[in-house]
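Containing mmCIF, C-alpha atoms: coords_14.cif.
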data_my_file
#
loop_
_atom_site.label_atom_id
_atom_site.label_comp_id
_atom_site.auth_asym_id
_atom_site.auth_seq_id
_atom_site.Cartn_x
_atom_site.Cartn_y
_atom_site.Cartn_z
CA MET A 276 15.78 -32.57 -5.95
CA SER A 277 16.73 -29.88 -8.40
CA GLU A 278 15.50 -26.34 -7.83
CA PRO A 279 15.36 -24.93 -11.33
CA GLU A 280 12.90 -22.18 -10.44
CA LEU A 281 15.17 -20.40 -7.93
CA PRO A 282 16.41 -17.06 -9.27
CA ASP A 283 20.05 -15.97 -9.33
CA PHE A 284 19.55 -13.61 -6.40
CA TYR A 285 18.36 -16.36 -4.02
CA ASN A 286 20.65 -16.36 -0.95
CA ASP A 287 22.63 -13.50 -2.54
CA LEU A 288 22.49 -10.17 -0.68
CA ASP A 289 24.06 -8.05 -3.42
CA GLY A 290 21.93 -9.78 -6.02
CA SER A 291 18.79 -9.08 -4.01
CA LEU A 292 19.61 -5.36 -3.85
CA ARG A 293 20.23 -5.33 -7.61
CA ALA A 294 16.93 -7.11 -8.18
CA ALA A 295 15.15 -4.55 -5.98
CA TRP A 296 16.49 -1.64 -8.05
CA ALA A 297 15.73 -3.47 -11.29
CA LEU A 298 12.12 -3.90 -10.16
CA LEU A 299 11.84 -0.16 -9.41
CA ALA A 300 13.54 0.87 -12.67
CA ARG A 301 11.19 -1.34 -14.65
CA GLY A 302 8.19 -0.04 -12.69
CA ALA A 303 9.01 3.51 -13.79
CA LYS A 304 8.94 2.46 -17.45
CA ASP A 305 6.53 -0.44 -17.79
CA ARG A 306 2.85 0.28 -17.08
CA LYS A 307 2.06 -3.40 -16.94
CA THR A 308 4.12 -4.18 -13.84
CA PRO A 309 2.72 -3.77 -10.31
CA ALA A 310 5.77 -1.63 -9.46
CA HIS A 311 4.31 1.03 -11.78
CA VAL A 312 1.64 1.73 -9.14
CA PRO A 313 3.21 1.54 -5.66
CA VAL A 314 1.61 2.75 -2.45
CA LEU A 315 2.92 6.01 -1.02
CA ALA A 316 2.47 6.72 2.69
CA THR A 317 2.75 10.12 4.30
CA ASN A 318 2.96 10.80 8.01
CA GLY A 319 -0.40 12.57 8.24
CA PRO A 320 -1.52 14.34 11.40
CA GLY A 321 -1.97 11.56 13.95
CA ALA A 322 -2.16 8.71 11.44
CA PRO A 323 -0.54 7.38 8.28
CA ARG A 324 -2.20 8.29 4.96
CA LEU A 325 -1.99 5.95 1.98
CA ARG A 326 -2.70 6.22 -1.72
CA THR A 327 -1.75 4.47 -4.93
CA VAL A 328 0.60 6.58 -7.04
CA VAL A 329 2.19 6.21 -10.45
CA LEU A 330 5.95 5.71 -10.39
CA ARG A 331 7.28 8.25 -12.91
CA GLY A 332 10.99 7.98 -12.37
CA CYS A 333 13.68 5.91 -10.63
CA ASP A 334 17.23 7.19 -10.22
CA ARG A 335 19.46 4.67 -8.46
CA GLN A 336 22.42 7.03 -8.33
CA ALA A 337 20.37 9.65 -6.45
CA ARG A 338 18.40 6.90 -4.57
CA ARG A 339 15.31 8.73 -5.71
CA LEU A 340 11.82 7.82 -6.87
CA ARG A 341 9.63 10.42 -8.56
CA PHE A 342 5.86 10.90 -8.51
CA HIS A 343 3.61 13.63 -9.91
CA THR A 344 0.73 15.27 -8.11
CA ASP A 345 -1.55 18.25 -7.92
CA ARG A 346 0.05 20.75 -5.57
CA ARG A 347 -3.37 21.37 -3.97
CA SER A 348 -3.67 17.71 -2.91
CA ALA A 349 -3.59 16.85 0.80
CA LYS A 350 -0.37 14.87 0.48
CA VAL A 351 1.58 17.99 -0.50
CA ALA A 352 0.63 19.72 2.76
CA GLU A 353 1.32 16.49 4.68
CA ILE A 354 4.83 16.20 3.19
CA GLU A 355 5.58 19.86 3.86
CA ALA A 356 4.59 19.32 7.51
CA ASP A 357 6.55 16.03 7.85
CA PRO A 358 8.91 14.59 5.22
CA ALA A 359 9.02 11.06 6.68
CA GLY A 360 7.45 8.70 4.17
CA ALA A 361 7.24 5.12 3.01
CA VAL A 362 6.65 3.33 -0.27
CA LEU A 363 5.45 -0.22 -0.77
CA VAL A 364 5.84 -2.29 -3.92
CA TYR A 365 4.32 -5.75 -4.11
CA ASP A 366 4.67 -7.86 -7.22
CA PRO A 367 2.76 -11.12 -6.66
CA GLY A 368 3.92 -12.60 -9.99
CA ARG A 369 7.59 -12.08 -9.17
CA LYS A 370 6.90 -12.85 -5.47
CA ILE A 371 8.78 -9.74 -4.38
CA GLN A 372 7.80 -7.10 -1.84
CA LEU A 373 9.83 -3.94 -1.24
CA ARG A 374 9.24 -1.91 1.90
CA ILE A 375 10.91 1.44 1.42
CA ALA A 376 11.61 4.15 4.00
CA CYS A 377 12.25 7.57 2.48
CA GLN A 378 12.42 11.30 2.94
CA LEU A 379 9.82 13.04 0.81
CA SER A 380 10.12 16.47 -0.78
CA VAL A 381 7.77 18.57 -2.89
CA HIS A 382 9.14 20.30 -5.98
CA ILE A 383 7.29 23.27 -7.46
CA ASP A 384 8.69 25.44 -10.24
CA ASP A 385 12.23 24.15 -9.75
CA GLY A 386 14.41 22.30 -12.25
CA LEU A 387 13.00 18.88 -11.35
CA ALA A 388 9.40 20.09 -11.66
CA ARG A 389 9.95 21.97 -14.92
CA ALA A 390 11.73 19.01 -16.56
CA ALA A 391 8.95 16.65 -15.44
CA TRP A 392 6.20 18.98 -16.70
CA ALA A 393 7.93 19.39 -20.06
CA ALA A 394 7.90 15.59 -20.45
CA THR A 395 4.18 15.14 -19.67
CA ARG A 396 1.69 14.63 -22.46
CA ASP A 397 -1.49 16.57 -23.14
CA PHE A 398 -3.57 13.70 -21.79
CA SER A 399 -1.77 13.84 -18.44
CA ARG A 400 -1.92 17.62 -18.31
CA ALA A 401 -5.71 17.58 -18.39
CA CYS A 402 -5.76 16.30 -14.79
CA TYR A 403 -4.11 19.51 -13.63
CA GLN A 404 -6.54 21.75 -15.50
CA VAL A 405 -9.45 21.07 -13.16
CA MET A 406 -10.22 24.32 -11.36
CA ARG A 407 -11.42 22.70 -8.15
CA ALA A 408 -8.85 21.28 -5.76
CA PRO A 409 -8.72 17.48 -5.41
CA GLY A 410 -10.33 16.32 -2.17
CA GLU A 411 -12.63 19.34 -1.92
CA PRO A 412 -16.27 18.45 -1.14
CA VAL A 413 -18.64 18.77 -4.09
CA GLY A 414 -22.43 18.47 -4.08
CA ASP A 415 -22.84 16.83 -7.47
CA PRO A 416 -19.88 14.86 -8.85
CA ARG A 417 -20.96 15.69 -12.41
CA GLU A 418 -19.99 19.32 -11.77
CA VAL A 419 -16.31 18.43 -11.68
CA THR A 420 -16.17 16.96 -15.16
CA VAL A 421 -17.08 20.23 -16.82
CA SER A 422 -14.90 22.54 -14.73
CA ALA A 423 -11.73 22.21 -16.80
CA GLU A 424 -10.72 25.25 -18.79
CA ALA A 425 -8.99 24.41 -22.03
CA SER A 426 -7.20 27.74 -22.03
CA HIS A 427 -5.38 26.83 -18.82
CA ASP A 428 -2.49 24.42 -19.28
CA GLY A 429 -2.31 23.20 -15.67
CA ALA A 430 1.37 23.91 -15.00
CA ASP A 431 0.54 26.04 -11.98
CA HIS A 432 -1.12 23.05 -10.27
CA PHE A 433 1.67 20.60 -11.01
CA ALA A 434 4.18 19.33 -8.45
CA VAL A 435 6.79 16.61 -8.27
CA ILE A 436 7.17 14.46 -5.18
CA ALA A 437 10.66 13.06 -4.77
CA ALA A 438 11.30 10.16 -2.42
CA GLN A 439 14.91 9.76 -1.36
CA ILE A 440 15.36 6.22 -0.14
CA THR A 441 17.10 5.54 3.18
CA ARG A 442 16.13 1.89 3.67
CA ILE A 443 14.88 -0.95 1.49
CA GLU A 444 13.45 -4.08 3.03
CA TRP A 445 13.46 -6.93 0.56
CA LEU A 446 11.11 -9.92 0.76
CA TYR A 447 11.18 -12.80 -1.69
CA LEU A 448 8.54 -15.49 -1.31
CA ALA A 449 9.68 -19.00 -2.21
CA ALA A 450 8.42 -22.44 -1.37
CA HIS A 451 12.03 -23.34 -0.51
CA GLY A 452 12.02 -20.68 2.19
CA HIS A 453 11.24 -16.98 2.05
CA ARG A 454 14.16 -14.54 2.03
CA ARG A 455 14.06 -11.17 3.77
CA ALA A 456 16.85 -8.63 3.90
CA GLU A 457 17.33 -5.01 4.80
CA PHE A 458 19.54 -2.48 3.05
CA LEU A 459 20.40 0.70 4.92
CA TRP A 460 22.07 3.70 3.33
CA GLN A 461 24.99 4.44 5.65
CA ASP A 462 28.32 6.17 5.07
CA SER A 463 27.57 6.64 1.36
CA ASP A 464 26.87 2.97 0.73
CA TRP A 465 24.19 0.31 1.09
CA LYS A 466 24.71 -1.96 4.09
CA GLY A 467 22.74 -5.19 3.72
CA ARG A 468 21.90 -8.02 6.08
CA TRP A 469 19.48 -10.91 6.22
CA LEU A 470 16.45 -10.90 8.50
CA VAL A 471 14.17 -13.71 9.65
CA PRO A 472 11.22 -13.70 7.20
CA MET B 891 -23.55 7.90 -27.00
CA SER B 892 -24.60 5.04 -24.76
CA GLU B 893 -22.53 4.26 -21.68
CA PRO B 894 -23.10 0.56 -21.21
CA GLU B 895 -19.97 0.02 -19.15
CA LEU B 896 -20.94 2.29 -16.27
CA PRO B 897 -21.77 0.31 -13.13
CA ASP B 898 -24.94 0.72 -11.06
CA PHE B 899 -23.08 2.61 -8.34
CA TYR B 900 -21.88 5.39 -10.65
CA ASN B 901 -23.09 8.74 -9.27
CA ASP B 902 -24.76 6.83 -6.41
CA LEU B 903 -23.33 7.49 -2.91
CA ASP B 904 -25.15 4.65 -1.13
CA GLY B 905 -24.34 2.31 -3.99
CA SER B 906 -20.66 3.26 -3.81
CA LEU B 907 -20.56 2.45 -0.07
CA ARG B 908 -22.23 -0.90 -0.75
CA ALA B 909 -19.72 -1.62 -3.52
CA ALA B 910 -16.85 -0.77 -1.15
CA TRP B 911 -18.07 -3.28 1.45
CA ALA B 912 -18.73 -5.88 -1.25
CA LEU B 913 -15.13 -5.50 -2.44
CA LEU B 914 -13.82 -6.02 1.12
CA ALA B 915 -16.14 -8.98 1.79
CA ARG B 916 -15.03 -10.65 -1.41
CA GLY B 917 -11.39 -9.90 -0.63
CA ALA B 918 -11.68 -11.84 2.63
CA LYS B 919 -12.93 -14.93 0.78
CA ASP B 920 -11.43 -14.88 -2.70
CA ARG B 921 -7.64 -15.24 -2.96
CA LYS B 922 -7.70 -14.16 -6.57
CA THR B 923 -8.86 -10.59 -5.95
CA PRO B 924 -6.41 -7.77 -5.13
CA ALA B 925 -8.53 -6.97 -2.04
CA HIS B 926 -7.26 -10.25 -0.57
CA VAL B 927 -3.85 -8.62 -0.08
CA PRO B 928 -4.32 -5.00 1.03
CA VAL B 929 -1.61 -2.76 2.43
CA LEU B 930 -1.68 -2.15 6.18
CA ALA B 931 -0.01 0.96 7.59
CA THR B 932 0.96 1.47 11.20
CA ASN B 933 2.01 4.73 12.79
CA GLY B 934 5.59 3.65 13.48
CA PRO B 935 7.97 5.78 15.54
CA GLY B 936 8.50 8.91 13.43
CA ALA B 937 7.34 7.41 10.14
CA PRO B 938 4.58 5.27 8.65
CA ARG B 939 5.35 1.54 8.20
CA LEU B 940 3.75 -0.44 5.39
CA ARG B 941 3.37 -4.10 4.53
CA THR B 942 1.15 -6.31 2.43
CA VAL B 943 -1.18 -8.41 4.59
CA VAL B 944 -3.76 -11.11 3.91
CA LEU B 945 -7.33 -10.05 4.58
CA ARG B 946 -8.75 -12.87 6.71
CA GLY B 947 -12.12 -11.46 7.69
CA CYS B 948 -14.54 -8.63 6.99
CA ASP B 949 -17.44 -7.85 9.34
CA ARG B 950 -19.54 -4.96 8.06
CA GLN B 951 -21.74 -4.90 11.17
CA ALA B 952 -18.69 -4.43 13.43
CA ARG B 953 -16.92 -2.28 10.75
CA ARG B 954 -13.98 -4.58 11.27
CA LEU B 955 -11.28 -6.14 9.11
CA ARG B 956 -9.18 -9.01 10.46
CA PHE B 957 -5.54 -9.93 9.79
CA HIS B 958 -3.28 -12.56 11.32
CA THR B 959 0.29 -12.05 12.40
CA ASP B 960 3.14 -13.31 14.54
CA ARG B 961 2.90 -11.55 17.89
CA ARG B 962 6.70 -11.01 17.83
CA SER B 963 6.48 -8.97 14.61
CA ALA B 964 7.32 -5.25 14.72
CA LYS B 965 3.78 -4.23 13.75
CA VAL B 966 2.37 -5.66 16.99
CA ALA B 967 4.59 -3.39 19.08
CA GLU B 968 3.80 -0.47 16.76
CA ILE B 969 0.04 -0.98 17.18
CA GLU B 970 0.37 -1.32 20.95
CA ALA B 971 2.24 2.01 21.01
CA ASP B 972 -0.20 3.77 18.64
CA PRO B 973 -3.50 2.30 17.38
CA ALA B 974 -3.95 4.77 14.50
CA GLY B 975 -3.76 2.83 11.24
CA ALA B 976 -4.71 2.81 7.60
CA VAL B 977 -5.53 0.19 5.00
CA LEU B 978 -5.34 0.56 1.23
CA VAL B 979 -7.10 -1.63 -1.32
CA TYR B 980 -6.51 -1.06 -5.02
CA ASP B 981 -8.22 -3.23 -7.61
CA PRO B 982 -7.00 -2.12 -11.05
CA GLY B 983 -9.39 -4.47 -12.88
CA ARG B 984 -12.45 -3.08 -11.12
CA LYS B 985 -10.88 0.44 -11.15
CA ILE B 986 -11.61 0.90 -7.46
CA GLN B 987 -9.37 2.22 -4.70
CA LEU B 988 -10.38 2.25 -1.03
CA ARG B 989 -8.44 4.40 1.42
CA ILE B 990 -9.40 3.29 4.90
CA ALA B 991 -8.69 4.99 8.23
CA CYS B 992 -8.97 2.68 11.22
CA GLN B 993 -8.17 1.99 14.82
CA LEU B 994 -6.00 -1.09 15.17
CA SER B 995 -5.98 -3.55 18.05
CA VAL B 996 -3.96 -6.68 18.80
CA HIS B 997 -5.76 -9.77 20.08
CA ILE B 998 -3.82 -12.47 21.90
CA ASP B 999 -5.45 -15.40 23.67
CA ASP B 1000 -8.89 -13.77 23.66
CA GLY B 1001 -12.07 -15.03 21.99
CA LEU B 1002 -11.25 -13.46 18.63
CA ALA B 1003 -7.73 -14.90 18.58
CA ARG B 1004 -8.80 -18.39 19.72
CA ALA B 1005 -11.59 -18.59 17.13
CA ALA B 1006 -9.20 -17.46 14.39
CA TRP B 1007 -6.51 -19.95 15.43
CA ALA B 1008 -9.02 -22.80 15.53
CA ALA B 1009 -9.96 -21.99 11.93
CA THR B 1010 -6.37 -21.95 10.58
CA ARG B 1011 -4.99 -24.92 8.70
CA ASP B 1012 -1.82 -26.86 9.40
CA PHE B 1013 -0.12 -25.19 6.44
CA SER B 1014 -0.76 -21.73 7.90
CA ARG B 1015 0.25 -22.81 11.39
CA ALA B 1016 3.74 -23.72 10.21
CA CYS B 1017 4.56 -19.99 9.88
CA TYR B 1018 4.08 -19.55 13.60
CA GLN B 1019 6.31 -22.51 14.51
CA VAL B 1020 9.55 -20.78 13.59
CA MET B 1021 11.53 -20.28 16.79
CA ARG B 1022 13.22 -17.07 15.68
CA ALA B 1023 11.24 -13.85 15.71
CA PRO B 1024 10.37 -12.33 12.32
CA GLY B 1025 12.57 -9.33 11.51
CA GLU B 1026 15.44 -10.54 13.70
CA PRO B 1027 18.86 -10.34 11.98
CA VAL B 1028 20.28 -13.69 10.89
CA GLY B 1029 23.74 -14.42 9.49
CA ASP B 1030 22.73 -17.14 7.04
CA PRO B 1031 19.16 -17.16 5.76
CA ARG B 1032 19.28 -20.94 5.37
CA GLU B 1033 19.38 -21.26 9.17
CA VAL B 1034 15.80 -20.08 9.46
CA THR B 1035 14.29 -22.82 7.34
CA VAL B 1036 15.40 -25.55 9.72
CA SER B 1037 14.51 -23.85 12.99
CA ALA B 1038 10.88 -24.97 13.15
CA GLU B 1039 10.03 -27.52 15.81
CA ALA B 1040 7.33 -29.90 14.77
CA SER B 1041 6.36 -30.50 18.39
CA HIS B 1042 5.38 -26.87 18.82
CA ASP B 1043 2.02 -25.93 17.30
CA GLY B 1044 2.65 -22.16 17.06
CA ALA B 1045 -0.43 -20.94 18.96
CA ASP B 1046 1.71 -18.99 21.41
CA HIS B 1047 3.11 -16.87 18.56
CA PHE B 1048 -0.26 -16.17 16.94
CA ALA B 1049 -2.10 -12.86 17.12
CA VAL B 1050 -5.07 -11.27 15.41
CA ILE B 1051 -5.00 -7.66 14.28
CA ALA B 1052 -8.43 -6.07 14.12
CA ALA B 1053 -8.96 -2.86 12.17
CA GLN B 1054 -12.09 -0.96 13.13
CA ILE B 1055 -12.94 1.36 10.26
CA THR B 1056 -13.71 5.02 10.94
CA ARG B 1057 -13.49 6.38 7.39
CA ILE B 1058 -13.59 4.97 3.87
CA GLU B 1059 -12.51 7.05 0.92
CA TRP B 1060 -13.88 5.64 -2.30
CA LEU B 1061 -12.30 6.23 -5.71
CA TYR B 1062 -13.72 4.87 -8.94
CA LEU B 1063 -11.74 5.45 -12.12
CA ALA B 1064 -13.86 5.97 -15.24
CA ALA B 1065 -13.20 7.52 -18.61
CA HIS B 1066 -16.50 9.38 -18.17
CA GLY B 1067 -15.10 11.07 -15.08
CA HIS B 1068 -13.60 9.62 -11.89
CA ARG B 1069 -15.77 9.51 -8.78
CA ARG B 1070 -14.42 10.06 -5.29
CA ALA B 1071 -16.42 10.01 -2.07
CA GLU B 1072 -15.79 9.82 1.64
CA PHE B 1073 -17.81 7.92 4.21
CA LEU B 1074 -17.35 8.86 7.86
CA TRP B 1075 -18.69 6.81 10.76
CA GLN B 1076 -20.58 9.40 12.85
CA ASP B 1077 -23.47 9.07 15.30
CA SER B 1078 -23.74 5.32 14.64
CA ASP B 1079 -24.10 5.71 10.89
CA TRP B 1080 -22.10 6.26 7.70
CA LYS B 1081 -22.21 9.87 6.47
CA GLY B 1082 -21.20 10.08 2.82
CA ARG B 1083 -20.33 12.96 0.51
CA TRP B 1084 -18.67 13.44 -2.85
CA LEU B 1085 -15.18 14.87 -3.20
CA VAL B 1086 -13.35 16.30 -6.20
CA PRO B 1087 -11.32 13.37 -7.65
#

Whole structure, structure tokens version:
Amino acid sequence: MSEPELPDFYNDLDGSLRAAWALLARGAKDRKTPAHVPVLATNGPGAPRLRTVVLRGCDRQARRLRFHTDRRSAKVAEIEADPAGAVLVYDPGRKIQLRIACQLSVHIDDGLARAAWAATRDFSRACYQVMRAPGEPVGDPREVTVSAEASHDGADHFAVIAAQITRIEWLYLAAHGHRRAEFLWQDSDWKGRWLVP
Amino acid sequence: MSEPELPDFYNDLDGSLRAAWALLARGAKDRKTPAHVPVLATNGPGAPRLRTVVLRGCDRQARRLRFHTDRRSAKVAEIEADPAGAVLVYDPGRKIQLRIACQLSVHIDDGLARAAWAATRDFSRACYQVMRAPGEPVGDPREVTVSAEASHDGADHFAVIAAQITRIEWLYLAAHGHRRAEFLWQDSDWKGRWLVP
């Protein structure tokens, strides 16, 4: 029986790693792919904390993903207390899951943050102009909508979260047999091996 | 301007909690909704660990979600070492995100596990018949496909993961203003309040 639907990377370790990076690179650019909205986990006090985030940048050379946030958000304090993080991408259409282990860092008023802020649009900036901190209790949710001040551009609430990747676990779902592999960054290179799916 | 697209639960705390449970209940039954495949986080050694899981059951009375797994998988050992967990559901079509804090437990050969196994189909059972443990390194991924033994039904590799929910954070994305709320299980009831989105 022919297997026309199997992709090039099937049974190919190097090809699987390339496909993983291609998925992330596309996720940073294409709003319509599930990789545009991965899940970011922080090592919160006593328990993991999860949230959907928007993937704003992917730099394979630096092994780095980039997200934007409000510096008053709980995840900023969580990352400052413990940089160990994880990112999950699941694309059901492409049948690919990436489980990513990473070291997280918060960037405020440095080169990375200033370049990212300069590239944001007015629409995105509005989120950072809300005077009340995200996650703060509020009696009436309608209060929040009117608390933005147009005179305030929001830059002082803006932060970049960088995720430097140390491990990628690849999973490809196929009727012919799932494929799972891990890629560890060791000695300045990616070391890959297959795992039982 | 009329706002015909706003749902009943908008600006309604009790309604938002009901909508959260409705999303989970539907996720357990309907494969086509994103809530069918939430992200489960364990508190792994030193870092959170994430993976997509299939939501197999939702019991509002017991505040419990149910997942199935291979008892040899890493997450079983992680849960046995630390029960603190989290679940994330994100439904972009419905514009709802649920951030769930929970206590995880592993069920093997007890009433919950036996009932769940009895309800699985042959197709699902095949996953548990693989002789090699998931996550184990393997030289050639094609070895794994042929290692199932048809004579072995898989029950001795099957486990249920139960997630008892202690907190639900609700987020509804709307052009008229996002709505975020938290619901804490306290004194045998859900205590809800609005948060700044």

* To do: Find the residue from A:Cys402, A:Ile440, A:Ala294, A:Leu281 that sits nearest to Gly360 (chain A); use only C-alpha atoms when measuring.
  =>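 Checking each candidate against Gly360 (chain A), we get A:Ile440 as the closest.
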
* Asked: Please, what distance in Å, to one decimal, runs between CA of Leu978 (chain B) and CA of Arg306 (chain A)?
  -> 20.1 Å

* To do: Within 8 Å of region 384-391 of chain A, counting all atoms listed in the file, which residues show up once you throw out same-chain ones fewer than 4 positions away? Write them as a VMD selection string, please.
  => chain A and resid 395 433 to 435

* To do: Please evaluate the PyMOL selection byres ((chain A) within 7 of (chain B)) against the structure above and give the resulting residues as a VMD selection string.
  => chain A and resid 286 316 to 318 322 to 326 359 to 361 363 374 407 to 414 416 419 to 420 452 454 469 to 472

* To do: State, in Å with one decimal place, the distance from CA of Arg338 (chain A) to CA of Ile354 (chain A).
  =>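 Result for CA of Arg338 (chain A) versus CA of Ile354 (chain A): 18.2 Å, one decimal.
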
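What separates CA of Ala1053 (chain B) from CA of Arg442 (chain A) is a distance of 26.9 Å.
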
* Take the PyMOL selection byres ((chain B and resi 1047) around 6), apply it to the structure above, and return the hits as a PyMOL selection string. => chain B and resi 960-961+1018+1044-1046+1048

* Residues in the PyMOL selection byres ((chain A and resi 301) around 12), expressed as JSON, numbers by chain -> {"A": [294, 295, 296, 297, 298, 299, 300, 302, 303, 304, 305, 306, 307, 308, 309, 310, 311, 312, 330, 331, 332, 333, 334, 335, 366]}

* Asked: For Gln404 (chain A), which residue out of A:Glu280, A:Asp428, A:Ala349, A:Thr344 is the nearest one, using all atoms listed in the file?
  ->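 The shortest atom-to-atom distance to Gln404 (chain A) comes from A:Asp428.
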
* Distance query Phe458 (chain A) at most 6 Å, only C-alpha atoms, self and fewer than 4 positions along chain excluded, as a list in words -> Arg442, Ile443, Trp465, Lys466 and Gly467 of chain A

* Asked: Looking at all atoms listed in the file, which of B:Thr1056, B:Arg956, B:Pro928, B:Val943 is the one that sits closest to Ser1078 (chain B)?
  -> B:Thr1056
